[in-house]
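Everything below belongs to coords-v4.cif, which stores mmCIF, C-alpha atoms.
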data_query
#
loop_
_atom_site.label_atom_id
_atom_site.label_comp_id
_atom_site.auth_asym_id
_atom_site.auth_seq_id
_atom_site.Cartn_x
_atom_site.Cartn_y
_atom_site.Cartn_z
CA MET A 166 0.00 0.00 0.00
CA GLU A 167 2.76 2.41 1.04
CA LYS A 168 4.68 1.55 -2.09
CA ILE A 169 1.72 2.17 -4.39
CA LYS A 170 1.21 5.55 -2.74
CA LEU A 171 4.85 6.45 -3.34
CA ILE A 172 4.66 5.45 -7.01
CA LEU A 173 1.46 7.43 -7.54
CA ASN A 174 3.04 10.43 -5.82
CA PHE A 175 6.06 10.09 -8.09
CA ILE A 176 3.87 10.01 -11.21
CA LEU A 177 1.87 13.00 -9.99
CA GLY A 178 5.08 15.02 -9.55
CA PHE A 179 6.21 14.01 -13.02
CA ILE A 180 2.90 15.08 -14.57
CA ILE A 181 3.04 18.45 -12.79
CA LEU A 182 6.62 19.13 -13.92
CA THR A 183 5.93 18.22 -17.56
CA GLY A 184 2.70 20.20 -17.34
CA PHE A 185 4.75 23.30 -16.58
CA TYR A 186 6.84 22.58 -19.66
CA PHE A 187 3.80 22.44 -21.92
CA VAL A 188 2.22 25.57 -20.44
CA SER A 189 5.44 27.57 -20.85
CA SER A 190 5.94 26.20 -24.39
CA VAL A 191 2.55 27.63 -25.34
CA ILE A 192 3.35 30.96 -23.67
CA ILE A 193 6.72 31.23 -25.48
CA LYS A 194 5.06 30.38 -28.80
CA PHE A 195 2.64 33.26 -28.40
CA LEU A 196 5.08 35.82 -27.01
CA HIS A 197 7.99 35.10 -29.40
CA VAL A 198 10.59 35.87 -26.71
CA PRO A 199 14.10 34.40 -27.06
CA LEU A 200 13.82 32.29 -23.89
CA SER A 201 13.84 28.52 -23.56
CA PRO A 202 10.44 27.15 -22.45
CA VAL A 203 12.27 24.98 -19.91
CA ILE A 204 13.67 28.06 -18.15
CA LEU A 205 10.27 29.76 -18.14
CA GLY A 206 8.80 26.53 -16.77
CA LEU A 207 11.36 26.57 -13.98
CA ILE A 208 10.50 30.18 -13.08
CA LEU A 209 6.74 29.52 -13.15
CA PHE A 210 7.21 26.33 -11.12
CA ALA A 211 9.18 28.14 -8.36
CA PHE A 212 6.57 30.92 -8.38
CA ALA A 213 3.66 28.47 -8.09
CA LEU A 214 5.35 26.74 -5.14
CA VAL A 215 6.06 29.99 -3.30
CA GLU A 216 2.51 31.23 -3.90
CA GLY A 217 1.10 27.93 -2.63
CA ILE A 218 -0.67 27.08 -5.90
CA ILE A 219 1.20 23.75 -5.82
CA LYS A 220 1.72 21.87 -2.56
CA GLU A 221 5.24 20.82 -1.62
CA GLU A 222 4.24 17.19 -0.94
CA TRP A 223 2.91 16.77 -4.50
CA ILE A 224 6.32 17.28 -6.10
CA LYS A 225 8.86 16.62 -3.31
CA THR A 226 9.68 12.97 -4.14
CA THR A 227 9.95 13.49 -7.88
CA SER A 228 11.96 16.72 -7.63
CA GLU A 229 14.44 15.26 -5.18
CA PHE A 230 14.89 12.15 -7.33
CA LEU A 231 15.41 14.14 -10.53
CA ILE A 232 17.84 16.62 -8.96
CA LYS A 233 19.85 13.81 -7.34
CA ASN A 234 20.32 12.06 -10.69
CA MET A 235 20.67 15.21 -12.78
CA ALA A 236 24.27 14.48 -13.84
CA MET A 237 23.19 11.15 -15.38
CA PHE A 238 20.86 12.94 -17.80
CA ILE A 239 23.77 15.13 -18.97
CA VAL A 240 26.17 12.27 -19.74
CA PRO A 241 24.70 11.50 -23.23
CA PHE A 242 25.65 15.03 -24.31
CA MET A 243 29.27 14.29 -23.46
CA GLY A 244 29.14 11.27 -25.73
CA GLY A 245 28.24 13.71 -28.49
CA LEU A 246 31.77 15.08 -28.32
CA VAL A 247 32.91 12.37 -30.75
CA VAL A 248 30.88 14.12 -33.45
CA TYR A 249 32.69 17.44 -32.90
CA LYS A 250 36.17 15.93 -32.56
CA HIS A 251 37.81 18.17 -35.19
CA MET A 252 36.42 21.40 -33.82
CA ILE A 253 37.63 20.53 -30.33
CA MET A 254 41.10 19.45 -31.51
CA LYS A 255 41.40 22.86 -33.17
CA ASN A 256 40.20 24.88 -30.17
CA TRP A 257 41.11 22.87 -27.06
CA LEU A 258 43.80 25.23 -25.76
CA VAL A 259 41.58 28.29 -26.14
CA ILE A 260 38.78 26.49 -24.32
CA LEU A 261 41.01 25.57 -21.38
CA VAL A 262 42.56 29.06 -21.12
CA VAL A 263 39.16 30.74 -21.21
CA ILE A 264 37.82 28.41 -18.49
CA PHE A 265 40.81 28.97 -16.18
CA VAL A 266 41.01 32.74 -16.59
CA THR A 267 37.33 33.65 -16.46
CA THR A 268 36.42 31.24 -13.65
CA THR A 269 39.26 32.54 -11.47
CA LEU A 270 38.29 36.17 -12.13
CA MET A 271 34.65 35.43 -11.46
CA ILE A 272 35.29 33.71 -8.12
CA ILE A 273 37.50 36.62 -6.99
CA ILE A 274 35.14 39.39 -8.06
CA THR A 275 31.92 37.85 -6.74
CA GLY A 276 33.58 36.81 -3.49
CA LEU A 277 35.01 40.27 -2.81
CA PHE A 278 31.78 42.02 -3.83
CA VAL A 279 29.58 40.07 -1.42
CA GLU A 280 32.14 40.02 1.42
CA TYR A 281 32.64 43.79 1.42
CA GLY A 282 29.05 44.55 0.44
CA LEU A 283 27.77 42.73 3.52
CA LYS A 284 30.42 44.37 5.74
CA PHE A 285 29.45 47.79 4.43
CA LEU A 286 25.76 47.11 5.05
CA ARG A 287 26.44 46.00 8.62
CA LEU A 288 28.49 49.16 9.36
CA HIS A 289 25.77 51.25 7.79
CA LYS A 290 23.10 49.65 9.99
CA MET A 291 25.22 50.07 13.13
CA ARG A 292 25.70 53.76 12.42
CA LYS A 293 21.99 54.20 11.83
CA ASN A 294 21.16 52.58 15.16
CA HIS A 295 23.79 54.75 16.86
CA ASP A 296 22.20 57.97 15.62
CA MET B 232 12.61 -1.72 -32.30
CA ILE B 233 15.07 0.79 -30.90
CA ASN B 234 18.46 -0.32 -29.71
CA PRO B 235 18.59 -0.03 -25.88
CA PHE B 236 22.41 -0.08 -25.84
CA GLY B 237 22.89 3.69 -25.32
CA PHE B 238 20.44 3.95 -22.46
CA ILE B 239 21.81 0.93 -20.60
CA ILE B 240 25.49 1.81 -21.00
CA THR B 241 24.94 5.40 -19.82
CA VAL B 242 23.07 4.37 -16.66
CA LEU B 243 25.63 1.62 -15.97
CA TYR B 244 28.63 3.92 -16.39
CA TYR B 245 27.08 6.64 -14.28
CA LYS B 246 26.12 4.27 -11.45
CA ALA B 247 29.62 2.71 -11.55
CA ALA B 248 31.20 6.17 -11.42
CA GLU B 249 29.02 7.04 -8.44
CA LYS B 250 30.23 3.89 -6.64
CA MET B 251 33.82 5.11 -7.06
CA ARG B 252 33.12 7.88 -4.57
CA HIS B 253 34.58 5.72 -1.80
CA ILE B 254 37.87 5.09 -3.55
CA PRO B 255 40.58 7.54 -2.41
CA PHE B 256 41.74 10.03 -5.07
CA ALA B 257 39.42 8.71 -7.84
CA GLY B 258 36.52 9.53 -5.51
CA LYS B 259 37.37 13.21 -5.80
CA ILE B 260 36.58 13.29 -9.53
CA PRO B 261 32.86 14.02 -10.11
CA ALA B 262 30.86 11.03 -11.38
CA ILE B 263 29.77 12.95 -14.49
CA VAL B 264 33.38 13.37 -15.61
CA ILE B 265 34.29 9.70 -15.06
CA ALA B 266 31.14 8.50 -16.84
CA GLY B 267 31.66 11.00 -19.67
CA VAL B 268 35.27 9.95 -20.29
CA MET B 269 34.37 6.24 -20.21
CA LEU B 270 31.54 6.87 -22.65
CA VAL B 271 33.66 8.84 -25.14
CA LEU B 272 36.39 6.18 -24.97
CA THR B 273 33.86 3.39 -25.55
CA LEU B 274 32.35 5.14 -28.57
CA GLU B 275 35.80 5.89 -29.98
CA ILE B 276 37.48 2.53 -29.40
CA PHE B 277 34.60 0.40 -30.70
CA HIS B 278 33.77 2.86 -33.50
CA ILE B 279 30.16 3.12 -32.41
CA ASP B 280 28.15 5.68 -34.33
CA TYR B 281 26.78 8.42 -32.10
CA LYS B 282 23.41 8.11 -33.86
CA ILE B 283 23.09 4.47 -32.81
CA TYR B 284 24.09 5.36 -29.26
CA ASN B 285 21.65 8.25 -29.10
CA GLU B 286 18.72 6.19 -30.42
CA SER B 287 17.89 5.20 -26.84
CA ALA B 288 20.16 7.56 -24.83
CA CYS B 289 18.00 10.44 -26.07
CA TYR B 290 15.30 9.30 -23.63
CA LEU B 291 17.65 10.14 -20.78
CA THR B 292 18.12 13.66 -22.12
CA LEU B 293 14.35 13.91 -22.45
CA ILE B 294 14.06 13.48 -18.66
CA LEU B 295 16.31 16.53 -18.41
CA ILE B 296 13.28 18.73 -19.18
CA PRO B 297 11.26 17.94 -16.01
CA ALA B 298 14.55 17.66 -14.06
CA THR B 299 15.52 21.23 -14.97
CA ILE B 300 12.07 22.52 -14.03
CA ALA B 301 12.44 20.68 -10.71
CA LEU B 302 15.30 23.10 -9.88
CA GLY B 303 12.53 25.47 -8.81
CA TYR B 304 12.11 23.31 -5.71
CA PRO B 305 15.40 24.33 -3.97
CA ILE B 306 14.49 27.98 -4.61
CA TYR B 307 11.16 27.48 -2.84
CA LYS B 308 12.92 25.61 -0.03
CA ASN B 309 15.31 28.51 0.62
CA ILE B 310 13.08 31.43 -0.21
CA GLU B 311 13.73 32.97 3.24
CA LEU B 312 17.42 33.25 2.41
CA LEU B 313 16.59 35.16 -0.76
CA LYS B 314 14.54 37.67 1.21
CA LYS B 315 17.44 38.47 3.53
CA ASN B 316 20.21 40.85 2.37
CA LYS B 317 18.16 41.24 -0.80
CA ARG B 318 19.99 44.11 -2.42
CA ILE B 319 23.52 42.77 -2.13
CA ILE B 320 22.56 39.24 -3.14
CA TYR B 321 20.54 40.18 -6.22
CA THR B 322 23.15 42.70 -7.37
CA ALA B 323 25.76 39.97 -6.99
CA PHE B 324 23.62 37.51 -9.00
CA VAL B 325 23.14 39.90 -11.90
CA ALA B 326 26.75 41.16 -11.79
CA ALA B 327 28.13 37.62 -11.69
CA SER B 328 26.06 36.48 -14.70
CA ALA B 329 26.84 39.59 -16.73
CA PHE B 330 30.52 39.43 -15.87
CA ALA B 331 30.78 35.72 -16.72
CA ILE B 332 29.25 36.29 -20.15
CA ALA B 333 31.27 39.41 -20.99
CA ALA B 334 34.58 37.98 -19.70
CA THR B 335 34.10 34.70 -21.56
CA TYR B 336 33.25 36.53 -24.77
CA VAL B 337 36.24 38.88 -24.56
CA ALA B 338 38.70 36.16 -23.55
CA ALA B 339 37.55 33.75 -26.28
CA GLN B 340 37.49 36.52 -28.87
CA MET B 341 41.05 37.50 -27.93
CA CYS B 342 42.19 33.89 -28.47
CA HIS B 343 40.51 33.85 -31.91
CA ALA B 344 38.21 30.93 -31.19
CA ASP B 345 35.60 30.00 -33.81
CA PHE B 346 32.37 31.89 -33.25
CA ILE B 347 30.32 28.74 -32.63
CA VAL B 348 32.86 27.68 -29.98
CA ILE B 349 32.54 31.10 -28.33
CA GLU B 350 28.76 30.74 -28.31
CA SER B 351 29.05 27.28 -26.75
CA LEU B 352 31.40 28.66 -24.08
CA LEU B 353 29.15 31.55 -23.02
CA PRO B 354 26.92 29.63 -20.55
CA LYS B 355 29.87 27.73 -19.04
CA SER B 356 29.51 28.80 -15.39
CA VAL B 357 25.84 27.82 -15.26
CA THR B 358 24.53 24.47 -14.04
CA ALA B 359 24.63 21.89 -16.88
CA PRO B 360 20.87 21.41 -17.53
CA ILE B 361 20.32 25.16 -17.89
CA ALA B 362 23.56 25.62 -19.87
CA VAL B 363 22.55 22.92 -22.36
CA GLU B 364 19.14 24.53 -22.73
CA ILE B 365 20.74 27.95 -23.42
CA SER B 366 23.13 26.37 -25.90
CA LYS B 367 20.19 24.84 -27.82
CA GLU B 368 18.29 28.12 -27.75
CA ILE B 369 21.15 30.09 -29.36
CA ASN B 370 21.99 27.27 -31.84
CA ALA B 371 25.43 26.55 -30.38
CA ILE B 372 26.77 23.05 -29.67
CA PRO B 373 25.08 21.65 -26.51
CA GLU B 374 27.51 18.70 -26.47
CA LEU B 375 30.50 21.03 -26.22
CA THR B 376 28.71 23.21 -23.66
CA ALA B 377 28.06 20.19 -21.43
CA CYS B 378 31.77 19.30 -21.36
CA VAL B 379 32.92 22.87 -20.82
CA VAL B 380 30.46 23.20 -17.95
CA ALA B 381 31.82 20.05 -16.31
CA LEU B 382 35.42 21.31 -16.68
CA THR B 383 34.49 24.70 -15.20
CA GLY B 384 32.89 22.93 -12.26
CA VAL B 385 35.94 20.75 -11.67
CA PHE B 386 38.24 23.79 -11.80
CA GLY B 387 36.05 25.79 -9.41
CA GLY B 388 35.72 22.82 -7.08
CA MET B 389 39.48 22.30 -6.98
CA PHE B 390 40.63 25.89 -6.63
CA GLY B 391 37.59 27.92 -5.54
CA HIS B 392 38.13 27.64 -1.81
CA ARG B 393 41.87 28.15 -2.16
CA ILE B 394 41.44 31.32 -4.23
CA LEU B 395 38.91 32.77 -1.80
CA LYS B 396 41.21 31.99 1.13
CA MET B 397 44.07 33.76 -0.63
CA ILE B 398 42.08 36.97 -1.07
CA LYS B 399 40.75 36.67 2.51
CA VAL B 400 37.05 36.20 1.82
CA LYS B 401 35.68 34.60 4.99
CA ASN B 402 31.93 35.23 5.04
CA ASP B 403 29.99 32.01 4.35
CA VAL B 404 27.37 33.84 2.29
CA ALA B 405 30.13 35.36 0.12
CA ILE B 406 31.94 32.03 -0.31
CA GLY B 407 28.76 30.11 -1.12
CA LEU B 408 27.50 32.68 -3.58
CA SER B 409 30.83 33.02 -5.35
CA ILE B 410 31.39 29.25 -5.68
CA GLY B 411 27.80 28.54 -6.68
CA ALA B 412 27.76 31.31 -9.28
CA ALA B 413 31.12 30.38 -10.81
CA SER B 414 31.22 26.60 -10.63
CA HIS B 415 27.62 25.39 -10.09
CA VAL B 416 26.87 21.91 -8.72
CA ILE B 417 30.41 20.51 -8.82
CA GLY B 418 31.78 23.46 -6.85
CA THR B 419 28.87 23.19 -4.44
CA ALA B 420 29.78 19.55 -3.78
CA ARG B 421 33.09 20.84 -2.40
CA CYS B 422 31.19 23.13 -0.02
CA ILE B 423 29.39 20.02 1.26
CA GLN B 424 32.77 18.41 1.97
CA GLU B 425 33.83 21.54 3.87
CA ASN B 426 30.76 20.93 6.03
CA ARG B 427 29.55 24.52 5.99
CA GLU B 428 25.74 24.37 5.89
CA LYS B 429 25.38 28.07 5.09
CA GLN B 430 27.77 27.87 2.12
CA VAL B 431 25.95 24.88 0.69
CA VAL B 432 22.52 26.47 0.91
CA MET B 433 23.74 29.76 -0.55
CA ALA B 434 25.63 28.00 -3.35
CA SER B 435 22.69 25.80 -4.32
CA VAL B 436 20.36 28.79 -4.55
CA ALA B 437 22.96 30.92 -6.35
CA LEU B 438 23.53 28.33 -9.05
CA VAL B 439 19.87 28.20 -10.00
CA ILE B 440 19.22 31.96 -9.90
CA VAL B 441 22.42 32.77 -11.81
CA GLY B 442 21.36 30.13 -14.33
CA ILE B 443 18.00 31.79 -14.89
CA ILE B 444 19.51 35.28 -15.18
CA THR B 445 22.15 34.00 -17.62
CA ALA B 446 19.46 32.30 -19.72
CA ILE B 447 17.72 35.67 -20.04
CA ILE B 448 20.87 37.73 -20.73
CA ILE B 449 22.70 35.54 -23.30
CA PRO B 450 20.15 35.72 -26.17
CA LEU B 451 19.91 39.51 -25.70
CA PHE B 452 23.70 39.80 -25.57
CA LEU B 453 24.03 37.90 -28.86
CA VAL B 454 21.46 40.11 -30.58
CA PHE B 455 23.46 43.12 -29.39
CA ILE B 456 26.78 41.62 -30.61
CA LYS B 457 25.51 40.57 -34.04
CA GLN B 458 24.26 44.05 -34.87
#

Target encoding structure tokens, full file:
Amino acid sequence: MEKIKLILNFILGFIILTGFYFVSSVIIKFLHVPLSPVILGLILFAFALVEGIIKEEWIKTTSEFLIKNMAMFIVPFMGGLVVYKHMIMKNWLVILVVIFVTTTLMIIITGLFVEYGLKFLRLHKMRKNHD
Amino acid sequence: MINPFGFIITVLYYKAAEKMRHIPFAGKIPAIVIAGVMLVLTLEIFHIDYKIYNESACYLTLILIPATIALGYPIYKNIELLKKNKRIIYTAFVAASAFAIAATYVAAQMCHADFIVIESLLPKSVTAPIAVEISKEINAIPELTACVVALTGVFGGMFGHRILKMIKVKNDVAIGLSIGAASHVIGTARCIQENREKQVVMASVALVIVGIITAIIIPLFLVFIKQ
């Protein structure tokens, strides 16, 4: 009995998630915006959860399962590399350099921005309270 | 009847790679990288056509659609966090996405990469499912994007904490946001090893929000560039 309930709950979550995909596909088709329907679906899904339109227990099992195994669904794309062998052979050094340089810069800049931004805010609040 | 080979081998490789987590050294390499390398080697060595492989493996990528939408769940779970320190956090999200795109474009352009390679590199700091989706949307190469994303994650996971320590960033919110924004899930996995709850939560929210913002900015950026 418990098991059947779990399976039904899993299917329900799956139907809800794909439902969001179809709704956002229709919206994108009508609006002609350059945004992937999957991303719009994700935004609408988060919004619906926060607003309480969808209950957490309807989608919890499915969402947790899908997120846990996310990397497995990406692996087939990596297999596709064999098709683009020549392009990668030609550009591999550029790709590596760009990854190293931009990722390092990005970690430094975001880290410093938030660290000092939060410090500044705290000082600002303290001064306000002092006055 | 379709050939189930691709589906079976992908699941098998991924599950095997996950089991390697307990082996010292090899356990530090993310399962997606191990499975990806094994898959590419298998296809290359046995001269298996990608089309035959993808005949059934494409059903796995189909599940990626609901899986990506499911990323809305962690946002809902941590919505309180997003309401605190709103201004700084949202500015950081937008700045990080914009900077990542601009820096990648300039760096790749300076190295004279092919334009389609540049396009495939643009979403590299975003979590793989969103990055692949962006890559499809702008007609780049999703296969290349997926690999670049994994490499970025590995790099961020290996050096992220060290870099932040060097420049004396100590706040957990700052560390989490920076790692999550720059090196998505793979970097976040390192935060879990560091055992800092606050970093993990911040990083897992940052990687989804930055992904969404990047998905909105990149198509606009390309329109602007191509003018």

CA of Tyr249 in chain A to CA of Phe346 in chain B, distance in Å rounded to a single decimal: 14.5 Å

Minimum-distance residue to chain B, chosen among A:Phe265, A:Phe187, A:Trp223, A:Phe195 (using all atoms listed in the file):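 Closest candidate: A:Phe265.
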
Can you list what the PyMOL selection byres ((chain A) within 7 of (chain B)) grabs from this structure, as a short mmCIF file (atom, residue, chain, number, x, y, z; two decimals) with C-alpha atoms, in the frame of the given file?
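Writing done, so here's part-v9.cif:
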data_model
loop_
_atom_site.label_atom_id
_atom_site.label_comp_id
_atom_site.auth_asym_id
_atom_site.auth_seq_id
_atom_site.Cartn_x
_atom_site.Cartn_y
_atom_site.Cartn_z
CA LEU A 182 6.62 19.13 -13.92
CA THR A 183 5.93 18.22 -17.56
CA PRO A 199 14.10 34.40 -27.06
CA LEU A 200 13.82 32.29 -23.89
CA SER A 201 13.84 28.52 -23.56
CA VAL A 203 12.27 24.98 -19.91
CA ILE A 204 13.67 28.06 -18.15
CA GLY A 206 8.80 26.53 -16.77
CA LEU A 207 11.36 26.57 -13.98
CA ILE A 208 10.50 30.18 -13.08
CA PHE A 210 7.21 26.33 -11.12
CA ALA A 211 9.18 28.14 -8.36
CA LEU A 214 5.35 26.74 -5.14
CA VAL A 215 6.06 29.99 -3.30
CA SER A 228 11.96 16.72 -7.63
CA LEU A 231 15.41 14.14 -10.53
CA ILE A 232 17.84 16.62 -8.96
CA MET A 235 20.67 15.21 -12.78
CA ALA A 236 24.27 14.48 -13.84
CA MET A 237 23.19 11.15 -15.38
CA PHE A 238 20.86 12.94 -17.80
CA ILE A 239 23.77 15.13 -18.97
CA VAL A 240 26.17 12.27 -19.74
CA PRO A 241 24.70 11.50 -23.23
CA PHE A 242 25.65 15.03 -24.31
CA MET A 243 29.27 14.29 -23.46
CA GLY A 244 29.14 11.27 -25.73
CA GLY A 245 28.24 13.71 -28.49
CA LEU A 246 31.77 15.08 -28.32
CA VAL A 247 32.91 12.37 -30.75
CA ASN A 256 40.20 24.88 -30.17
CA VAL A 259 41.58 28.29 -26.14
CA VAL A 263 39.16 30.74 -21.21
CA ILE A 264 37.82 28.41 -18.49
CA THR A 267 37.33 33.65 -16.46
CA THR A 268 36.42 31.24 -13.65
CA MET A 271 34.65 35.43 -11.46
CA ILE A 272 35.29 33.71 -8.12
CA ILE A 273 37.50 36.62 -6.99
CA THR A 275 31.92 37.85 -6.74
CA GLY A 276 33.58 36.81 -3.49
CA LEU A 277 35.01 40.27 -2.81
CA VAL A 279 29.58 40.07 -1.42
CA GLU A 280 32.14 40.02 1.42
CA GLY A 282 29.05 44.55 0.44
#

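Atom to atom, CA of Phe278 in chain A and CA of Lys317 in chain B stand 14.0 Å apart.
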
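Using only C-alpha atoms, the nearest neighbour of Asn174 in chain A within the list A:Ile193, A:Ile224, A:Val188, A:Ile218 is A:Ile224.
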
Straight-line distance linking CA of Ile274 in chain A with CA of Val325 in chain B, stated in Å to one decimal: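 Interatomic distance here is 12.6 Å.
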
Selected residue, from B:Lys250, B:Arg393, B:Lys314, B:His415, that lies nearest to Val431 in chain B when counting only C-alpha atoms: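 Comparing B:Lys250, B:Arg393, B:Lys314, B:His415 against Val431 in chain B, the winner is B:His415.
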